[in-house]
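**Q** Could you have a look at this structure, given as structure tokens, before my questions?
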Amino acid sequence: MTPDDPASLPGQACQVLAADDIYVCHGANQDDGLMGPDQVCLGDIYMLEDDHQPQRLIVTRQEGAGQRVGEGSAVGRAGDAIRLEARYTLMGDEGDRVELLLLALPDGSRFALPLSPMAAGTEYALLKVDEAPADSGLSDLLCISFARGTMITLASGAQRAIEDLRPGEQVLTRDHGAQPIRWIGRATLKAVGPFAPVVITAGTLGNAGDLIVSQHHRMFLYQRERRAGMATSELLVQARHLIDGERVFLREGGFVDYLSLVFDRHEIIYAEGVPAESLMVNDATVNRLPAELSADVKTRFPGLKQVQHFGTEAGRQFLAEVGPQTLFHSPRNRRGAGKAPSRP
């Protein structure tokens with residue numbers, strides 16, 4: 001099997017939940033599982049069954065044939081068409097939002113693909129029902145990428161636009177000094193829904209210019225003082241959790257060019273001077289890439305065992321409690337994001 005042979009490209013794997021495992025605990029559809037967009041009721045409260053069992057869905061995408069179940073999938077039959085019915089937005093009782101994609105198979109079975117973590121025993125209110133992004137691959141929905149034009153700090157201290165970087169070039173990393181780029185992934189997507197980029201305006205985190213990233217991309221930030229309940233003063237914060245509508249906002253409309261960087265390890269690099277994660281190479285992340293990119297990465301990184309960078313994951317509830325001023329760059333909080341070398 002080689003990346004150059006389209007017929008041999010592997011399917012993309014994702015973890016899905018049976019739609020019935022997500023049920024209405026309070027509301028008009030009491031005790032019913034997650035249903036189609038014409039049957040659900042906004043405001044209903046959902047819970048995830050305690051004994052739910054995530055299942056592995058293998059997806060292949062064929063020219064003119066759409067997305068289908070691939071060989072080795074735990075659900076469906078190989079060749080079955082996968083229909084994306086809807087995208088649901090729910091809010092947990094602690095304020096965290098969860099997006100779910102509802103998938104349907106020819107036998108009438110439905111599955112939910114969570115686009116962010118969903119916890120058992122937590123109540124989630126259904127806030128919004130949207131059409132599913134039918135023209136996009138399931139694996140595109142959780143990209144970890146920088147937008148074209150992002151300035152990356154090299155080992156020399158100079159900065160260069162990410163689209164001008166090449167594999168083998170040395171980039172400055174926070175923990176391991178100069179490290180060579182092993183692979184660069186590129187994708188152009190419609191900037192709508194989960195594909196719309198987050199814009200962190202210049203100066204907000206000490207960034208020299210606007211920093212534009214995918215919604216799930218994590219920034220590596222610091223608290224001036226470690227708060228109770230947080231294991232470290234070093235925080236990994238998804239860009240979407242920083243949105244305040246003013247200094248950090250979602251930019252929808254048109255298209256966005258996304259680029260991802262891979263190193264020998266999961267690294268913290270400097271983008272517009274802000275510490276941010278590289279793409280982590282493991283089964284869960286790589287199988288979400290488009291099939292041709294996934295095959296290339298698997299060839300270059302056969303172990304697929306990079307370990308996630310250590311730090312405390314900060315959710316929306318924590319950020320709401322501490323307030324953005326504790327992380328945003330200001331005259332009173334200049335240690336928040338680290339400093340970048342000046343542009344050449």
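Ordering of the structure tokens sets the chain letters (A, B, ...); residue numbers start at 1 within each chain; ligands are numbered from 1 in the order shown.
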Near A:Asp80, counting only C-alpha atoms, which residues have an atom at most 12 Å away, once you skip same-chain residues fewer than 3 positions from it, shown as a PDB file with N, CA, C and O atoms, in the first residue's frame?

**A**
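What landed in selection-v4.pdb:
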```pdb
ATOM      1  N   LEU A  57     -16.194   3.766  13.370  1.00  0.00           N
ATOM      2  CA  LEU A  57     -16.752   3.861  12.021  1.00  0.00           C
ATOM      3  C   LEU A  57     -15.626   4.168  11.052  1.00  0.00           C
ATOM      4  O   LEU A  57     -14.871   5.129  11.245  1.00  0.00           O
ATOM      5  N   ILE A  58     -15.497   3.344  10.021  1.00  0.00           N
ATOM      6  CA  ILE A  58     -14.504   3.575   8.963  1.00  0.00           C
ATOM      7  C   ILE A  58     -15.225   4.230   7.784  1.00  0.00           C
ATOM      8  O   ILE A  58     -16.239   3.724   7.308  1.00  0.00           O
ATOM      9  N   VAL A  59     -14.676   5.356   7.346  1.00  0.00           N
ATOM     10  CA  VAL A  59     -15.298   6.126   6.272  1.00  0.00           C
ATOM     11  C   VAL A  59     -14.361   6.186   5.075  1.00  0.00           C
ATOM     12  O   VAL A  59     -13.167   6.463   5.223  1.00  0.00           O
ATOM     13  N   THR A  60     -14.909   5.909   3.903  1.00  0.00           N
ATOM     14  CA  THR A  60     -14.165   6.126   2.670  1.00  0.00           C
ATOM     15  C   THR A  60     -14.916   7.165   1.853  1.00  0.00           C
ATOM     16  O   THR A  60     -16.129   7.320   1.975  1.00  0.00           O
ATOM     17  N   ARG A  61     -14.185   7.891   1.031  1.00  0.00           N
ATOM     18  CA  ARG A  61     -14.807   8.916   0.198  1.00  0.00           C
ATOM     19  C   ARG A  61     -14.405   8.677  -1.244  1.00  0.00           C
ATOM     20  O   ARG A  61     -13.216   8.695  -1.572  1.00  0.00           O
ATOM     21  N   ALA A  65     -19.353   9.255  -5.515  1.00  0.00           N
ATOM     22  CA  ALA A  65     -20.139   8.285  -4.741  1.00  0.00           C
ATOM     23  C   ALA A  65     -20.337   8.728  -3.302  1.00  0.00           C
ATOM     24  O   ALA A  65     -20.974   8.021  -2.528  1.00  0.00           O
ATOM     25  N   GLY A  66     -19.798   9.860  -2.923  1.00  0.00           N
ATOM     26  CA  GLY A  66     -19.972  10.360  -1.574  1.00  0.00           C
ATOM     27  C   GLY A  66     -19.216   9.543  -0.541  1.00  0.00           C
ATOM     28  O   GLY A  66     -18.278   8.805  -0.856  1.00  0.00           O
ATOM     29  N   GLN A  67     -19.647   9.652   0.704  1.00  0.00           N
ATOM     30  CA  GLN A  67     -18.978   8.970   1.810  1.00  0.00           C
ATOM     31  C   GLN A  67     -19.665   7.639   2.085  1.00  0.00           C
ATOM     32  O   GLN A  67     -20.896   7.561   2.148  1.00  0.00           O
ATOM     33  N   ARG A  68     -18.830   6.600   2.247  1.00  0.00           N
ATOM     34  CA  ARG A  68     -19.361   5.264   2.447  1.00  0.00           C
ATOM     35  C   ARG A  68     -18.621   4.557   3.574  1.00  0.00           C
ATOM     36  O   ARG A  68     -17.509   4.939   3.933  1.00  0.00           O
ATOM     37  N   VAL A  69     -19.256   3.519   4.098  1.00  0.00           N
ATOM     38  CA  VAL A  69     -18.642   2.712   5.144  1.00  0.00           C
ATOM     39  C   VAL A  69     -17.495   1.913   4.537  1.00  0.00           C
ATOM     40  O   VAL A  69     -17.648   1.295   3.472  1.00  0.00           O
ATOM     41  N   GLY A  70     -16.348   1.934   5.204  1.00  0.00           N
ATOM     42  CA  GLY A  70     -15.182   1.225   4.706  1.00  0.00           C
ATOM     43  C   GLY A  70     -15.015  -0.151   5.332  1.00  0.00           C
ATOM     44  O   GLY A  70     -15.683  -0.507   6.300  1.00  0.00           O
ATOM     45  N   GLU A  71     -14.104  -0.927   4.756  1.00  0.00           N
ATOM     46  CA  GLU A  71     -13.796  -2.262   5.275  1.00  0.00           C
ATOM     47  C   GLU A  71     -13.289  -2.150   6.713  1.00  0.00           C
ATOM     48  O   GLU A  71     -12.507  -1.275   7.042  1.00  0.00           O
ATOM     49  N   SER A  73     -15.096  -1.589   9.413  1.00  0.00           N
ATOM     50  CA  SER A  73     -15.896  -0.741  10.284  1.00  0.00           C
ATOM     51  C   SER A  73     -16.707  -1.602  11.251  1.00  0.00           C
ATOM     52  O   SER A  73     -17.225  -2.661  10.881  1.00  0.00           O
ATOM     53  N   VAL A  75     -19.481  -0.578  12.560  1.00  0.00           N
ATOM     54  CA  VAL A  75     -20.897  -0.296  12.302  1.00  0.00           C
ATOM     55  C   VAL A  75     -21.129  -0.250  10.794  1.00  0.00           C
ATOM     56  O   VAL A  75     -20.252   0.140  10.024  1.00  0.00           O
ATOM     57  N   GLY A  76     -22.337  -0.647  10.378  1.00  0.00           N
ATOM     58  CA  GLY A  76     -22.658  -0.648   8.958  1.00  0.00           C
ATOM     59  C   GLY A  76     -21.967  -1.765   8.201  1.00  0.00           C
ATOM     60  O   GLY A  76     -21.224  -2.571   8.769  1.00  0.00           O
ATOM     61  N   ARG A  77     -22.217  -1.803   6.905  1.00  0.00           N
ATOM     62  CA  ARG A  77     -21.590  -2.774   6.022  1.00  0.00           C
ATOM     63  C   ARG A  77     -20.732  -2.040   5.005  1.00  0.00           C
ATOM     64  O   ARG A  77     -21.082  -0.946   4.562  1.00  0.00           O
ATOM     65  N   ARG A  83     -25.142   9.087   5.255  1.00  0.00           N
ATOM     66  CA  ARG A  83     -25.847  10.348   5.044  1.00  0.00           C
ATOM     67  C   ARG A  83     -25.702  11.228   6.280  1.00  0.00           C
ATOM     68  O   ARG A  83     -25.990  10.801   7.392  1.00  0.00           O
ATOM     69  N   ALA A 104     -26.718   8.852   9.284  1.00  0.00           N
ATOM     70  CA  ALA A 104     -27.712   7.801   9.038  1.00  0.00           C
ATOM     71  C   ALA A 104     -27.156   6.799   8.039  1.00  0.00           C
ATOM     72  O   ALA A 104     -26.485   7.169   7.068  1.00  0.00           O
ATOM     73  N   LEU A 105     -27.443   5.508   8.263  1.00  0.00           N
ATOM     74  CA  LEU A 105     -27.051   4.432   7.366  1.00  0.00           C
ATOM     75  C   LEU A 105     -28.291   3.863   6.677  1.00  0.00           C
ATOM     76  O   LEU A 105     -29.422   4.075   7.133  1.00  0.00           O
ATOM     77  N   PRO A 106     -28.119   3.137   5.570  1.00  0.00           N
ATOM     78  CA  PRO A 106     -29.268   2.638   4.803  1.00  0.00           C
ATOM     79  C   PRO A 106     -30.221   1.747   5.593  1.00  0.00           C
ATOM     80  O   PRO A 106     -31.408   1.671   5.271  1.00  0.00           O
ATOM     81  N   ASP A 107     -29.734   1.061   6.624  1.00  0.00           N
ATOM     82  CA  ASP A 107     -30.608   0.181   7.398  1.00  0.00           C
ATOM     83  C   ASP A 107     -31.456   0.936   8.407  1.00  0.00           C
ATOM     84  O   ASP A 107     -32.195   0.331   9.189  1.00  0.00           O
ATOM     85  N   GLY A 108     -31.366   2.276   8.405  1.00  0.00           N
ATOM     86  CA  GLY A 108     -32.161   3.092   9.305  1.00  0.00           C
ATOM     87  C   GLY A 108     -31.485   3.421  10.614  1.00  0.00           C
ATOM     88  O   GLY A 108     -32.011   4.213  11.410  1.00  0.00           O
ATOM     89  N   SER A 109     -30.331   2.845  10.873  1.00  0.00           N
ATOM     90  CA  SER A 109     -29.616   3.144  12.118  1.00  0.00           C
ATOM     91  C   SER A 109     -29.004   4.537  12.055  1.00  0.00           C
ATOM     92  O   SER A 109     -28.628   5.028  10.989  1.00  0.00           O
TER      93      SER A 109
END
```

**Q** Which polymer residues have any atom within 9 Å of an atom of stretch 144-159 of chain A, counting only C-alpha atoms, with same-chain residues fewer than 5 positions away left out, as a PyMOL selection string?

**A** chain A and resi 164-165+169-173+177-179+185-186+197+209-218+256-261+269-273+277-280+285+340-344

**Q** Could you please take those selected residues and save N, CA and C atoms as a tab-separated table (two decimals), in the first residue's frame?

**A**
```tsv
chain	number	residue	atom	x	y	z
A	164	ASP	N	5.19	29.32	3.24
A	164	ASP	CA	6.51	29.34	2.62
A	164	ASP	C	7.48	28.36	3.27
A	165	LEU	N	7.04	27.65	4.32
A	165	LEU	CA	7.90	26.68	4.98
A	165	LEU	C	7.98	25.40	4.16
A	169	GLU	N	13.03	22.22	7.30
A	169	GLU	CA	13.43	23.49	7.89
A	169	GLU	C	13.30	23.45	9.40
A	170	GLN	N	14.19	24.17	10.07
A	170	GLN	CA	14.27	24.16	11.53
A	170	GLN	C	13.36	25.24	12.12
A	171	VAL	N	12.48	24.81	13.02
A	171	VAL	CA	11.53	25.71	13.68
A	171	VAL	C	11.86	25.73	15.18
A	172	LEU	N	11.69	26.87	15.81
A	172	LEU	CA	11.92	27.00	17.24
A	172	LEU	C	10.77	26.37	18.01
A	173	THR	N	11.08	25.45	18.92
A	173	THR	CA	10.06	24.86	19.79
A	173	THR	C	10.33	25.27	21.23
A	177	GLY	N	14.06	23.13	21.59
A	177	GLY	CA	14.90	23.97	20.75
A	177	GLY	C	14.55	23.86	19.27
A	178	ALA	N	15.57	23.87	18.44
A	178	ALA	CA	15.38	23.78	16.99
A	178	ALA	C	14.95	22.37	16.60
A	179	GLN	N	13.84	22.26	15.86
A	179	GLN	CA	13.36	20.96	15.41
A	179	GLN	C	12.96	21.04	13.95
A	185	GLY	N	0.71	19.63	6.17
A	185	GLY	CA	-0.58	19.32	5.57
A	185	GLY	C	-1.28	20.59	5.13
A	186	ARG	N	-2.04	20.51	4.04
A	186	ARG	CA	-2.72	21.69	3.49
A	186	ARG	C	-4.14	21.30	3.09
A	197	PRO	N	-12.66	29.96	10.80
A	197	PRO	CA	-11.49	30.17	11.66
A	197	PRO	C	-11.76	31.15	12.80
A	209	GLY	N	0.77	40.02	15.05
A	209	GLY	CA	-0.27	40.24	14.06
A	209	GLY	C	-1.48	39.40	14.40
A	210	ASP	N	-2.56	39.54	13.63
A	210	ASP	CA	-3.73	38.69	13.86
A	210	ASP	C	-3.32	37.22	13.74
A	211	LEU	N	-3.72	36.41	14.71
A	211	LEU	CA	-3.46	34.98	14.68
A	211	LEU	C	-4.76	34.28	14.32
A	212	ILE	N	-4.77	33.55	13.20
A	212	ILE	CA	-5.98	32.93	12.67
A	212	ILE	C	-5.78	31.42	12.64
A	213	VAL	N	-6.62	30.71	13.40
A	213	VAL	CA	-6.43	29.27	13.57
A	213	VAL	C	-7.78	28.56	13.50
A	214	SER	N	-7.74	27.24	13.38
A	214	SER	CA	-8.96	26.44	13.43
A	214	SER	C	-9.51	26.46	14.85
A	215	GLN	N	-10.80	26.16	14.97
A	215	GLN	CA	-11.49	26.35	16.24
A	215	GLN	C	-10.95	25.47	17.37
A	216	HIS	N	-10.48	24.27	17.05
A	216	HIS	CA	-10.02	23.35	18.09
A	216	HIS	C	-8.53	23.46	18.36
A	217	HIS	N	-7.86	24.37	17.68
A	217	HIS	CA	-6.42	24.55	17.88
A	217	HIS	C	-6.18	25.10	19.28
A	218	ARG	N	-5.19	24.53	19.98
A	218	ARG	CA	-4.94	24.93	21.36
A	218	ARG	C	-3.74	25.87	21.45
A	256	VAL	N	-11.08	29.27	3.52
A	256	VAL	CA	-9.88	29.46	4.34
A	256	VAL	C	-8.87	28.39	3.96
A	257	ASP	N	-7.60	28.79	3.80
A	257	ASP	CA	-6.52	27.86	3.56
A	257	ASP	C	-5.89	27.49	4.90
A	258	TYR	N	-5.97	26.22	5.26
A	258	TYR	CA	-5.42	25.74	6.53
A	258	TYR	C	-4.13	24.95	6.26
A	259	LEU	N	-3.14	25.12	7.14
A	259	LEU	CA	-1.90	24.35	7.06
A	259	LEU	C	-1.56	23.80	8.44
A	260	SER	N	-1.08	22.55	8.48
A	260	SER	CA	-0.70	21.89	9.73
A	260	SER	C	0.77	21.50	9.67
A	261	LEU	N	1.46	21.57	10.80
A	261	LEU	CA	2.88	21.21	10.88
A	261	LEU	C	3.04	19.99	11.78
A	269	ILE	N	5.09	25.37	19.36
A	269	ILE	CA	5.86	26.26	18.51
A	269	ILE	C	5.33	27.69	18.69
A	270	TYR	N	5.89	28.64	17.96
A	270	TYR	CA	5.49	30.04	18.11
A	270	TYR	C	4.87	30.55	16.81
A	271	ALA	N	3.59	30.91	16.90
A	271	ALA	CA	2.83	31.44	15.77
A	271	ALA	C	2.43	32.87	16.09
A	272	GLU	N	2.91	33.81	15.30
A	272	GLU	CA	2.72	35.24	15.61
A	272	GLU	C	3.19	35.53	17.03
A	273	GLY	N	4.20	34.77	17.49
A	273	GLY	CA	4.77	34.97	18.81
A	273	GLY	C	4.06	34.25	19.92
A	277	GLU	N	0.15	24.62	19.70
A	277	GLU	CA	0.52	23.23	19.46
A	277	GLU	C	0.71	22.93	17.98
A	278	SER	N	1.57	21.95	17.70
A	278	SER	CA	1.66	21.38	16.36
A	278	SER	C	0.63	20.26	16.26
A	279	LEU	N	0.43	19.73	15.05
A	279	LEU	CA	-0.48	18.60	14.88
A	279	LEU	C	0.12	17.39	15.58
A	280	MET	N	-0.66	16.77	16.47
A	280	MET	CA	-0.21	15.58	17.19
A	280	MET	C	-0.48	14.34	16.36
A	285	THR	N	-5.94	11.44	15.86
A	285	THR	CA	-5.87	12.68	15.08
A	285	THR	C	-5.61	12.41	13.61
A	340	ALA	N	7.64	36.90	21.27
A	340	ALA	CA	8.25	36.36	20.05
A	340	ALA	C	9.40	37.25	19.62
A	341	PRO	N	10.37	36.68	18.92
A	341	PRO	CA	11.38	37.53	18.31
A	341	PRO	C	10.73	38.46	17.30
A	342	SER	N	11.33	39.59	17.07
A	342	SER	CA	10.76	40.54	16.12
A	342	SER	C	10.89	40.00	14.71
A	343	ARG	N	10.02	40.46	13.83
A	343	ARG	CA	10.08	39.99	12.43
A	343	ARG	C	11.32	40.56	11.77
A	344	PRO	N	11.88	39.79	10.85
A	344	PRO	CA	13.07	40.29	10.16
A	344	PRO	C	12.72	41.46	9.26
```

**Q** Among stretch 2-108 of chain A, which ones does DSSP assign to strand (DSSP E or B) (computed from the backbone)? Answer as a PyMOL selection string.

**A** chain A and resi 12-18+22-26+33+45-48+55-62+66-69+81+83-92+97-104

**Q** Using only C-alpha atoms, pick whichever of A:Ala125, A:Cys14, A:Ile200, A:Ile162 has the shortest atom-to-atom distance to A:Ile184.

**A** A:Ile162

**Q** Nearest to A:Cys25: which of A:Leu101, A:Tyr124, A:Pro194, A:Pro275 is it, counting only C-alpha atoms?

**A**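 Of A:Leu101, A:Tyr124, A:Pro194, A:Pro275, the one nearest A:Cys25 is A:Tyr124, counting only C-alpha atoms.
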
**Q** Find the residue from A:Thr122, A:Gln39, A:Thr188, A:Gln15 that sits nearest to A:Gln55; use only C-alpha atoms when measuring.

**A**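 Once distances to A:Gln55 are computed over only C-alpha atoms, the minimum belongs to A:Gln15.
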
**Q** Can you pull out every residue from stretch 95-197 of chain A that DSSP, working from the backbone, puts in helix (DSSP H, G or I), and format the result as a ChimeraX atom specification?

**A** /A:138-142,162-164,193-195

**Q** Would you pick out the contacts of A:Glu123 at 9 Å or less, using only C-alpha atoms, so that residues sharing its chain but fewer than 2 positions from it are not included, and give the list as a PDB file with N, CA and C atoms, in the first residue's frame?

**A**
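Output saved as part.pdb:
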```
ATOM      1  N   CYS A  25     -33.755  13.495  28.767  1.00  0.00           N
ATOM      2  CA  CYS A  25     -34.095  13.228  30.167  1.00  0.00           C
ATOM      3  C   CYS A  25     -35.162  14.195  30.674  1.00  0.00           C
ATOM      4  N   ILE A  45     -33.627  18.540  27.070  1.00  0.00           N
ATOM      5  CA  ILE A  45     -32.389  18.272  27.801  1.00  0.00           C
ATOM      6  C   ILE A  45     -31.969  16.828  27.542  1.00  0.00           C
ATOM      7  N   TYR A  46     -30.742  16.659  27.071  1.00  0.00           N
ATOM      8  CA  TYR A  46     -30.222  15.334  26.730  1.00  0.00           C
ATOM      9  C   TYR A  46     -29.150  14.889  27.734  1.00  0.00           C
ATOM     10  N   MET A  47     -29.025  13.580  27.861  1.00  0.00           N
ATOM     11  CA  MET A  47     -27.935  12.975  28.627  1.00  0.00           C
ATOM     12  C   MET A  47     -27.353  11.818  27.829  1.00  0.00           C
ATOM     13  N   LEU A  48     -26.102  11.523  28.104  1.00  0.00           N
ATOM     14  CA  LEU A  48     -25.424  10.379  27.498  1.00  0.00           C
ATOM     15  C   LEU A  48     -25.497   9.211  28.473  1.00  0.00           C
ATOM     16  N   MET A  91     -25.689  22.705  24.907  1.00  0.00           N
ATOM     17  CA  MET A  91     -24.911  23.346  25.966  1.00  0.00           C
ATOM     18  C   MET A  91     -25.030  22.527  27.243  1.00  0.00           C
ATOM     19  N   GLY A  92     -23.880  22.202  27.831  1.00  0.00           N
ATOM     20  CA  GLY A  92     -23.854  21.446  29.059  1.00  0.00           C
ATOM     21  C   GLY A  92     -24.220  22.293  30.262  1.00  0.00           C
ATOM     22  N   ASP A  93     -24.476  21.625  31.386  1.00  0.00           N
ATOM     23  CA  ASP A  93     -24.896  22.364  32.569  1.00  0.00           C
ATOM     24  C   ASP A  93     -23.780  23.185  33.184  1.00  0.00           C
ATOM     25  N   GLU A  94     -22.546  23.039  32.679  1.00  0.00           N
ATOM     26  CA  GLU A  94     -21.439  23.871  33.133  1.00  0.00           C
ATOM     27  C   GLU A  94     -21.031  24.902  32.072  1.00  0.00           C
ATOM     28  N   ALA A 119     -19.730  14.269  28.080  1.00  0.00           N
ATOM     29  CA  ALA A 119     -19.565  13.480  29.285  1.00  0.00           C
ATOM     30  C   ALA A 119     -20.873  12.818  29.695  1.00  0.00           C
ATOM     31  N   ALA A 120     -20.792  11.568  30.158  1.00  0.00           N
ATOM     32  CA  ALA A 120     -21.961  10.876  30.705  1.00  0.00           C
ATOM     33  C   ALA A 120     -22.344  11.544  32.024  1.00  0.00           C
ATOM     34  N   GLY A 121     -23.645  11.544  32.317  1.00  0.00           N
ATOM     35  CA  GLY A 121     -24.105  12.109  33.574  1.00  0.00           C
ATOM     36  C   GLY A 121     -24.241  13.616  33.576  1.00  0.00           C
ATOM     37  N   ALA A 125     -28.563  20.925  26.974  1.00  0.00           N
ATOM     38  CA  ALA A 125     -29.766  21.508  26.365  1.00  0.00           C
ATOM     39  C   ALA A 125     -29.540  21.689  24.870  1.00  0.00           C
TER      40      ALA A 125
END
```

**Q** Can you tell me which residues surround A:Glu252 at a distance of at most 8 Å, considering only C-alpha atoms, apart from same-chain residues fewer than 4 positions away, and format the answer as a list in words?

**A**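 In the requested format, the answer is Ala191, Val192, Gly193, Ala196 and Pro197 of chain A.
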
**Q** So that I have them on file, write out the residues from the current selection with N, CA, C and O atoms, as a short mmCIF file (atom, residue, chain, number, x, y, z; two decimals), in the first residue's frame.

**A**
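Contents of part21.cif, as written:
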```
data_model
loop_
_atom_site.label_atom_id
_atom_site.label_comp_id
_atom_site.auth_asym_id
_atom_site.auth_seq_id
_atom_site.Cartn_x
_atom_site.Cartn_y
_atom_site.Cartn_z
N ALA A 191 -15.32 28.47 4.89
CA ALA A 191 -15.21 29.03 6.24
C ALA A 191 -16.58 29.21 6.86
O ALA A 191 -17.04 30.34 7.11
N VAL A 192 -17.26 28.09 7.10
CA VAL A 192 -18.59 28.13 7.71
C VAL A 192 -18.67 27.07 8.79
O VAL A 192 -17.95 26.06 8.74
N GLY A 193 -19.56 27.27 9.77
CA GLY A 193 -19.76 26.29 10.83
C GLY A 193 -18.46 25.93 11.51
O GLY A 193 -17.66 26.80 11.87
N ALA A 196 -15.10 27.49 10.15
CA ALA A 196 -14.80 28.92 10.22
C ALA A 196 -13.63 29.14 11.18
O ALA A 196 -13.60 28.56 12.27
N PRO A 197 -12.66 29.96 10.80
CA PRO A 197 -11.49 30.17 11.66
C PRO A 197 -11.76 31.15 12.80
O PRO A 197 -12.66 31.98 12.72
#
```

**Q** Looking at A:Gly27, A:Asp32, A:Arg166, A:Gly203, which one is nearest to A:Trp183, with distances taken over only C-alpha atoms?

**A**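 Ranking A:Gly27, A:Asp32, A:Arg166, A:Gly203 by distance to A:Trp183, first place goes to A:Arg166.
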